[in-house]
file input.csv (CSV, N, CA and C atoms)
chain,number,residue,atom,x,y,z
A,1,MET,N,218.7,90.5,64.1
A,1,MET,CA,219.1,91.8,64.6
A,1,MET,C,218.5,91.9,66.0
A,2,ALA,N,219.3,92.2,67.0
A,2,ALA,CA,218.9,92.4,68.3
A,2,ALA,C,218.6,93.9,68.6
A,3,VAL,N,217.6,94.1,69.4
A,3,VAL,CA,217.2,95.4,69.8
A,3,VAL,C,217.7,95.6,71.2
A,4,ASP,N,218.6,96.6,71.4
A,4,ASP,CA,219.1,96.8,72.8
A,4,ASP,C,218.4,97.8,73.6
A,5,SER,N,217.7,98.7,72.9
A,5,SER,CA,217.0,99.8,73.7
A,5,SER,C,215.9,100.3,72.9
A,6,ALA,N,215.1,101.1,73.5
A,6,ALA,CA,213.9,101.7,72.8
A,6,ALA,C,214.3,102.6,71.7
A,7,LYS,N,215.5,103.2,71.8
A,7,LYS,CA,216.0,104.1,70.7
A,7,LYS,C,216.3,103.3,69.4
A,8,ASP,N,216.5,102.0,69.5
A,8,ASP,CA,216.8,101.1,68.3
A,8,ASP,C,215.5,100.7,67.6
A,9,LEU,N,214.4,100.9,68.3
A,9,LEU,CA,213.1,100.5,67.7
A,9,LEU,C,212.7,101.5,66.5
A,10,PRO,N,212.1,100.9,65.5
A,10,PRO,CA,211.6,101.8,64.4
A,10,PRO,C,210.5,102.8,65.0
A,11,PRO,N,210.4,104.0,64.4
A,11,PRO,CA,209.4,104.9,64.9
A,11,PRO,C,208.0,104.4,64.6
A,12,ARG,N,207.1,104.6,65.5
A,12,ARG,CA,205.7,104.2,65.3
A,12,ARG,C,204.9,105.4,65.1
A,13,THR,N,203.9,105.3,64.3
A,13,THR,CA,203.0,106.4,64.1
A,13,THR,C,201.7,106.1,64.8
A,14,GLU,N,201.4,106.8,65.8
A,14,GLU,CA,200.1,106.6,66.5
A,14,GLU,C,199.3,107.9,66.4
A,15,ILE,N,198.1,107.8,66.0
A,15,ILE,CA,197.2,108.9,65.9
A,15,ILE,C,196.2,108.7,67.0
A,16,ARG,N,196.4,109.2,68.2
A,16,ARG,CA,195.5,109.0,69.3
A,16,ARG,C,195.4,110.3,70.0
A,17,THR,N,194.1,110.6,70.3
A,17,THR,CA,193.9,111.8,71.1
A,17,THR,C,193.3,111.4,72.4
A,18,ASP,N,193.9,111.7,73.5
A,18,ASP,CA,193.4,111.4,74.8
A,18,ASP,C,193.0,110.0,75.0
A,19,PRO,N,193.9,109.0,75.0
A,19,PRO,CA,193.6,107.6,75.1
A,19,PRO,C,193.0,107.3,76.5
A,20,HIS,N,192.1,106.3,76.5
A,20,HIS,CA,191.5,105.9,77.7
A,20,HIS,C,191.6,104.4,77.8
A,21,ASP,N,191.7,103.9,79.1
A,21,ASP,CA,191.8,102.5,79.3
A,21,ASP,C,190.4,102.0,79.7
A,22,LEU,N,190.0,100.8,79.2
A,22,LEU,CA,188.8,100.2,79.5
A,22,LEU,C,189.1,98.7,79.9
A,23,ILE,N,188.6,98.4,81.1
A,23,ILE,CA,188.8,97.0,81.6
A,23,ILE,C,187.6,96.2,81.1
A,24,ILE,N,187.8,95.1,80.4
A,24,ILE,CA,186.7,94.3,79.9
A,24,ILE,C,186.8,93.0,80.7
A,25,ASN,N,185.6,92.7,81.3
A,25,ASN,CA,185.4,91.4,82.0
A,25,ASN,C,184.2,90.7,81.4
A,26,VAL,N,184.4,89.8,80.5
A,26,VAL,CA,183.3,89.1,79.8
A,26,VAL,C,183.6,87.7,79.7
A,27,LEU,N,182.7,86.8,80.0
A,27,LEU,CA,182.7,85.4,79.8
A,27,LEU,C,184.0,84.8,80.4
A,28,GLY,N,184.4,85.3,81.6
A,28,GLY,CA,185.5,84.7,82.3
A,28,GLY,C,186.9,85.3,81.8
A,29,ALA,N,186.9,86.1,80.8
A,29,ALA,CA,188.1,86.7,80.4
A,29,ALA,C,188.2,88.2,80.9
A,30,SER,N,189.4,88.6,81.2
A,30,SER,CA,189.5,89.9,81.7
A,30,SER,C,190.8,90.5,81.1
A,31,PHE,N,190.6,91.7,80.5
A,31,PHE,CA,191.8,92.4,79.9
A,31,PHE,C,191.5,93.9,79.8
A,32,SER,N,192.5,94.6,79.5
A,32,SER,CA,192.3,96.1,79.4
A,32,SER,C,192.7,96.5,77.9
A,33,ILE,N,191.9,97.5,77.4
A,33,ILE,CA,192.3,98.0,76.1
A,33,ILE,C,192.4,99.5,76.3
A,34,THR,N,193.2,100.1,75.4
A,34,THR,CA,193.3,101.6,75.4
A,34,THR,C,192.7,102.1,74.1
A,35,ALA,N,191.8,103.1,74.2
A,35,ALA,CA,191.2,103.6,73.0
A,35,ALA,C,191.1,105.1,73.1
A,36,GLY,N,191.0,105.7,71.9
A,36,GLY,CA,190.9,107.2,71.9
A,36,GLY,C,189.5,107.6,71.8
A,37,GLU,N,188.6,106.9,72.5
A,37,GLU,CA,187.2,107.3,72.6
A,37,GLU,C,186.9,107.8,74.0
A,38,ASP,N,185.7,108.5,74.1
A,38,ASP,CA,185.2,109.0,75.4
A,38,ASP,C,184.9,107.8,76.3
A,39,PRO,N,185.4,107.8,77.5
A,39,PRO,CA,185.2,106.7,78.4
A,39,PRO,C,183.7,106.3,78.6
A,40,LYS,N,182.8,107.3,78.6
A,40,LYS,CA,181.4,107.1,78.7
A,40,LYS,C,180.9,106.2,77.5
A,41,TYR,N,181.3,106.6,76.4
A,41,TYR,CA,181.0,105.9,75.2
A,41,TYR,C,181.5,104.4,75.2
A,42,LEU,N,182.7,104.3,75.6
A,42,LEU,CA,183.3,102.9,75.7
A,42,LEU,C,182.5,102.1,76.7
A,43,ASN,N,182.1,102.6,77.8
A,43,ASN,CA,181.3,101.9,78.8
A,43,ASN,C,180.0,101.5,78.3
A,44,GLU,N,179.4,102.4,77.5
A,44,GLU,CA,178.1,102.1,76.8
A,44,GLU,C,178.2,101.0,75.8
A,45,VAL,N,179.3,101.0,75.1
A,45,VAL,CA,179.5,99.9,74.1
A,45,VAL,C,179.7,98.5,74.9
A,46,LEU,N,180.5,98.6,75.9
A,46,LEU,CA,180.7,97.4,76.7
A,46,LEU,C,179.4,96.9,77.3
A,47,GLU,N,178.6,97.8,77.8
A,47,GLU,CA,177.3,97.4,78.4
A,47,GLU,C,176.4,96.7,77.3
A,48,GLN,N,176.5,97.3,76.1
A,48,GLN,CA,175.7,96.8,75.0
A,48,GLN,C,176.2,95.4,74.7
A,49,TYR,N,177.5,95.2,74.7
A,49,TYR,CA,178.0,93.8,74.4
A,49,TYR,C,177.6,92.9,75.5
A,50,ASN,N,177.7,93.3,76.8
A,50,ASN,CA,177.4,92.4,77.9
A,50,ASN,C,175.9,92.0,77.8
A,51,LEU,N,175.0,92.9,77.4
A,51,LEU,CA,173.6,92.6,77.2
A,51,LEU,C,173.4,91.6,76.0
A,52,ALA,N,174.2,91.8,75.0
A,52,ALA,CA,174.1,90.9,73.8
A,52,ALA,C,174.6,89.5,74.2
A,53,VAL,N,175.7,89.4,75.0
A,53,VAL,CA,176.2,88.1,75.5
A,53,VAL,C,175.1,87.4,76.4
A,54,ALA,N,174.5,88.2,77.3
A,54,ALA,CA,173.5,87.6,78.1
A,54,ALA,C,172.3,87.1,77.3
A,55,SER,N,171.9,87.9,76.3
A,55,SER,CA,170.8,87.5,75.4
A,55,SER,C,171.1,86.2,74.7
A,56,THR,N,172.4,86.2,74.1
A,56,THR,CA,172.8,85.0,73.4
A,56,THR,C,172.8,83.7,74.3
A,57,GLN,N,173.2,83.9,75.5
A,57,GLN,CA,173.2,82.8,76.5
A,57,GLN,C,171.8,82.3,76.8
A,58,ALA,N,170.9,83.3,76.9
A,58,ALA,CA,169.5,83.0,77.3
A,58,ALA,C,168.8,82.3,76.1
A,59,ILE,N,169.0,82.7,74.9
A,59,ILE,CA,168.2,82.1,73.8
A,59,ILE,C,168.9,80.9,73.3
A,60,SER,N,170.2,80.7,73.5
A,60,SER,CA,170.9,79.5,72.9
A,60,SER,C,171.1,78.4,74.0
A,61,GLY,N,171.1,78.8,75.2
A,61,GLY,CA,171.4,77.9,76.3
A,61,GLY,C,172.9,77.5,76.3
A,62,MET,N,173.7,78.1,75.5
A,62,MET,CA,175.1,77.8,75.5
A,62,MET,C,175.8,78.3,76.8
A,63,LYS,N,176.8,77.5,77.2
A,63,LYS,CA,177.6,77.9,78.4
A,63,LYS,C,179.1,78.1,78.0
A,64,ASP,N,179.5,77.5,76.9
A,64,ASP,CA,180.9,77.6,76.5
A,64,ASP,C,181.2,79.0,76.1
A,65,PRO,N,182.2,79.7,76.9
A,65,PRO,CA,182.4,81.1,76.6
A,65,PRO,C,182.9,81.4,75.2
A,66,LEU,N,183.7,80.6,74.6
A,66,LEU,CA,184.1,80.8,73.2
A,66,LEU,C,183.0,80.8,72.2
A,67,LYS,N,182.1,79.7,72.4
A,67,LYS,CA,181.0,79.6,71.5
A,67,LYS,C,180.0,80.7,71.7
A,68,VAL,N,179.8,81.2,72.9
A,68,VAL,CA,178.9,82.3,73.2
A,68,VAL,C,179.4,83.6,72.6
A,69,ALA,N,180.7,83.8,72.7
A,69,ALA,CA,181.4,85.0,72.1
A,69,ALA,C,181.2,85.0,70.6
A,70,ILE,N,181.5,83.8,70.0
A,70,ILE,CA,181.4,83.7,68.5
A,70,ILE,C,180.0,83.9,68.1
A,71,LEU,N,179.0,83.3,68.7
A,71,LEU,CA,177.6,83.4,68.3
A,71,LEU,C,177.1,84.9,68.5
A,72,THR,N,177.6,85.5,69.6
A,72,THR,CA,177.2,86.9,69.9
A,72,THR,C,177.7,87.8,68.8
A,73,GLY,N,179.0,87.6,68.4
A,73,GLY,CA,179.6,88.4,67.3
A,73,GLY,C,178.8,88.2,66.0
A,74,PHE,N,178.4,86.9,65.7
A,74,PHE,CA,177.7,86.6,64.5
A,74,PHE,C,176.3,87.3,64.5
A,75,LEU,N,175.6,87.2,65.7
A,75,LEU,CA,174.3,87.8,65.8
A,75,LEU,C,174.4,89.4,65.7
A,76,MET,N,175.5,89.9,66.2
A,76,MET,CA,175.7,91.4,66.1
A,76,MET,C,175.9,91.8,64.7
A,77,CYS,N,176.7,91.0,63.9
A,77,CYS,CA,177.0,91.3,62.5
A,77,CYS,C,175.7,91.2,61.7
A,78,ASP,N,174.9,90.2,62.0
A,78,ASP,CA,173.6,90.1,61.4
A,78,ASP,C,172.7,91.3,61.6
A,79,GLU,N,172.7,91.8,62.8
A,79,GLU,CA,171.9,93.0,63.2
A,79,GLU,C,172.5,94.2,62.4
A,80,ILE,N,173.8,94.3,62.4
A,80,ILE,CA,174.4,95.5,61.6
A,80,ILE,C,174.0,95.4,60.2
A,81,ASN,N,174.1,94.2,59.6
A,81,ASN,CA,173.8,94.1,58.1
A,81,ASN,C,172.3,94.5,57.9
A,82,LYS,N,171.4,94.0,58.8
A,82,LYS,CA,170.0,94.3,58.6
A,82,LYS,C,169.8,95.9,58.7
A,83,LEU,N,170.5,96.5,59.7
A,83,LEU,CA,170.3,97.9,59.8
A,83,LEU,C,170.9,98.7,58.6
A,84,LYS,N,172.0,98.2,58.1
A,84,LYS,CA,172.6,98.8,56.8
A,84,LYS,C,171.5,98.7,55.7
A,85,LEU,N,170.9,97.5,55.5
A,85,LEU,CA,169.9,97.3,54.5
A,85,LEU,C,168.8,98.3,54.7
A,86,GLN,N,168.3,98.4,55.9
A,86,GLN,CA,167.2,99.3,56.3
A,86,GLN,C,167.6,100.8,55.9
A,87,VAL,N,168.8,101.2,56.2
A,87,VAL,CA,169.2,102.6,55.9
A,87,VAL,C,169.3,102.8,54.4
A,88,GLU,N,169.8,101.8,53.7
A,88,GLU,CA,169.9,101.9,52.2
A,88,GLU,C,168.5,102.0,51.6
A,89,GLU,N,167.5,101.2,52.1
A,89,GLU,CA,166.2,101.3,51.6
A,89,GLU,C,165.5,102.6,51.9
A,90,GLU,N,165.8,103.1,53.2
A,90,GLU,CA,165.2,104.4,53.5
A,90,GLU,C,165.9,105.6,52.7
A,91,GLN,N,167.2,105.4,52.4
A,91,GLN,CA,167.8,106.4,51.6
A,91,GLN,C,167.3,106.4,50.2
A,92,ALA,N,167.0,105.2,49.6
A,92,ALA,CA,166.5,105.1,48.3
A,92,ALA,C,165.1,105.7,48.2
A,93,ALA,N,164.3,105.5,49.3
A,93,ALA,CA,162.9,106.0,49.3
A,93,ALA,C,163.0,107.6,49.4
A,94,ALA,N,163.9,108.1,50.2
A,94,ALA,CA,164.1,109.5,50.3
A,94,ALA,C,164.5,110.1,49.0
A,95,VAL,N,165.4,109.5,48.3
A,95,VAL,CA,165.9,110.0,47.0
A,95,VAL,C,164.7,110.0,46.0
A,96,LYS,N,163.9,108.9,46.0
A,96,LYS,CA,162.8,108.8,45.1
A,96,LYS,C,161.8,110.0,45.4
A,97,ALA,N,161.5,110.2,46.7
A,97,ALA,CA,160.6,111.2,47.1
A,97,ALA,C,161.1,112.6,46.7
A,98,LEU,N,162.4,112.8,46.9
A,98,LEU,CA,163.0,114.1,46.6
A,98,LEU,C,163.0,114.3,45.0
A,99,SER,N,163.2,113.2,44.3
A,99,SER,CA,163.2,113.4,42.8
A,99,SER,C,161.8,113.7,42.4
A,100,ARG,N,160.7,113.1,43.0
A,100,ARG,CA,159.3,113.5,42.6
A,100,ARG,C,159.1,115.0,43.0
A,101,LEU,N,159.6,115.4,44.1
A,101,LEU,CA,159.4,116.8,44.5
A,101,LEU,C,160.1,117.7,43.6
A,102,ILE,N,161.3,117.4,43.2
A,102,ILE,CA,162.0,118.3,42.2
A,102,ILE,C,161.3,118.3,40.9
A,103,PHE,N,160.8,117.2,40.4
A,103,PHE,CA,160.0,117.1,39.2
A,103,PHE,C,158.8,118.0,39.3
A,104,GLN,N,158.0,117.9,40.4
A,104,GLN,CA,156.9,118.7,40.6
A,104,GLN,C,157.2,120.2,40.6
A,105,LEU,N,158.3,120.6,41.3
A,105,LEU,CA,158.7,122.0,41.4
A,105,LEU,C,159.1,122.5,40.0
A,106,ASP,N,159.8,121.6,39.2
A,106,ASP,CA,160.2,122.0,37.9
A,106,ASP,C,158.9,122.2,37.0
A,107,ARG,N,157.9,121.4,37.2
A,107,ARG,CA,156.7,121.5,36.4
A,107,ARG,C,156.0,122.8,36.7
A,108,VAL,N,156.0,123.2,38.0
A,108,VAL,CA,155.3,124.4,38.5
A,108,VAL,C,156.0,125.6,38.0
A,109,THR,N,157.3,125.6,38.1
A,109,THR,CA,158.1,126.8,37.7
A,109,THR,C,158.2,126.9,36.2
A,110,ASP,N,158.0,125.9,35.4
A,110,ASP,CA,158.0,126.0,34.0
A,110,ASP,C,156.6,126.2,33.4
A,111,SER,N,155.6,126.3,34.2
A,111,SER,CA,154.2,126.5,33.7
A,111,SER,C,154.0,128.0,33.4
A,112,PRO,N,153.1,128.3,32.4
A,112,PRO,CA,152.9,129.7,32.0
A,112,PRO,C,152.3,130.5,33.2
A,113,HIS,N,151.6,129.8,34.1
A,113,HIS,CA,150.9,130.5,35.2
A,113,HIS,C,151.9,131.0,36.2
A,114,SER,N,153.1,130.5,36.2
A,114,SER,CA,154.1,130.8,37.3
A,114,SER,C,154.9,132.1,36.9
A,115,GLN,N,154.7,132.6,35.7
A,115,GLN,CA,155.4,133.8,35.3
A,115,GLN,C,154.8,135.1,35.9
A,116,THR,N,155.6,136.0,36.3
A,116,THR,CA,155.1,137.3,36.9
A,116,THR,C,154.8,138.2,35.8
A,117,GLU,N,154.2,139.4,36.2
A,117,GLU,CA,153.8,140.4,35.2
A,117,GLU,C,155.0,140.9,34.5
A,118,SER,N,156.1,141.0,35.3
A,118,SER,CA,157.4,141.6,34.7
A,118,SER,C,158.0,140.6,33.7
A,119,ASP,N,157.7,139.3,33.7
A,119,ASP,CA,158.2,138.4,32.8
A,119,ASP,C,157.4,138.5,31.5
A,120,ALA,N,156.2,138.9,31.5
A,120,ALA,CA,155.3,138.9,30.3
A,120,ALA,C,155.6,140.0,29.4
call {"tool": "encode", "arguments": {"input": "input.csv", "output": "structure tokens"}}
result
Amino acid sequence: MAVDSAKDLPPRTEIRTDPHDLIINVLGASFSITAGEDPKYLNEVLEQYNLAVASTQAISGMKDPLKVAILTGFLMCDEINKLKLQVEEEQAAAVKALSRLIFQLDRVTDSPHSQTESDA
């Protein structure tokens, strides 16, 4: 089936608010993306990635752009997983502490000394 004009194309659903273009120049590749994020945020993410690429090159000694990009992505995923694990551990510790606090509050409020004169 041939498409003769834009009106023959199926409708696309795009949920974008205020899209912004970001030009990415990394490891000899240059391209532009459009995203519905704040440009300042996008530039911060790009700067973080550039720093990660530079760090990967420094610690690995790799020069091949594809290998550097792959290793950088792998190292970033490793960091994300470690942070997730840390958050899960901190959440578990917080739940445990909160449970102890609730138990102690329950004990205090159920004790005979916690009753007021109007309860007696």
call {"tool": "atom_distance", "arguments": {"input": "input.csv", "atom1": "atom N of A:Gln48", "atom2": "atom N of A:Ala92"}}
result
29.2 Å
call {"tool": "residues_around", "arguments": {"input": "input.csv", "residues": "A:Lys63", "least_positions_apart": "4", "cutoff": "12 Å", "atoms": "only C-alpha atoms", "output": "PyMOL selection string"}}
result
chain A and resi 27-28+53-54+56-59+67-69+71
call {"tool": "closest_residue", "arguments": {"input": "input.csv", "among": "A:Arg107, A:Lys96, A:Lys82, A:His20", "to": "A:Thr34", "atoms": "all atoms listed in the file"}}
result
A:His20
call {"tool": "atom_distance", "arguments": {"input": "input.csv", "atom1": "atom CA of A:Leu83", "atom2": "atom C of A:Leu51"}}
result
17.7 Å
call {"tool": "atom_distance", "arguments": {"input": "input.csv", "atom1": "atom N of A:Val45", "atom2": "atom N of A:Val26"}}
result
13.4 Å
call {"tool": "select_by_dssp", "arguments": {"input": "input.csv", "residues": "stretch 25-99 of chain A", "states": "strand (DSSP E)", "output": "list in words"}}
result
Asn25, Val26, Ala29, Ser30, Phe31, Ser32, Ile33, Thr34 and Ala35 of chain A
call {"tool": "write_last_selection", "arguments": {"input": "input.csv", "atoms": "N, CA and C atoms", "output": "compact mmCIF listing (two decimals), keeping the file's coordinate frame"}}
result
# COMPACT_ATOMS: atom_id res chain seq x y z
N ASN A 25 185.60 92.70 81.30
CA ASN A 25 185.40 91.40 82.00
C ASN A 25 184.20 90.70 81.40
N VAL A 26 184.40 89.80 80.50
CA VAL A 26 183.30 89.10 79.80
C VAL A 26 183.60 87.70 79.70
N ALA A 29 186.90 86.10 80.80
CA ALA A 29 188.10 86.70 80.40
C ALA A 29 188.20 88.20 80.90
N SER A 30 189.40 88.60 81.20
CA SER A 30 189.50 89.90 81.70
C SER A 30 190.80 90.50 81.10
N PHE A 31 190.60 91.70 80.50
CA PHE A 31 191.80 92.40 79.90
C PHE A 31 191.50 93.90 79.80
N SER A 32 192.50 94.60 79.50
CA SER A 32 192.30 96.10 79.40
C SER A 32 192.70 96.50 77.90
N ILE A 33 191.90 97.50 77.40
CA ILE A 33 192.30 98.00 76.10
C ILE A 33 192.40 99.50 76.30
N THR A 34 193.20 100.10 75.40
CA THR A 34 193.30 101.60 75.40
C THR A 34 192.70 102.10 74.10
N ALA A 35 191.80 103.10 74.20
CA ALA A 35 191.20 103.60 73.00
C ALA A 35 191.10 105.10 73.10
call {"tool": "closest_residue", "arguments": {"input": "input.csv", "among": "A:Ala52, A:Gln104, A:Val87, A:Asp110", "to": "A:Ile70", "atoms": "only C-alpha atoms"}}
result
A:Ala52
call {"tool": "closest_residue", "arguments": {"input": "input.csv", "among": "A:Ile102, A:Tyr41, A:Glu47, A:Pro65", "to": "A:Ala29", "atoms": "only N, CA and C atoms"}}
result
A:Pro65
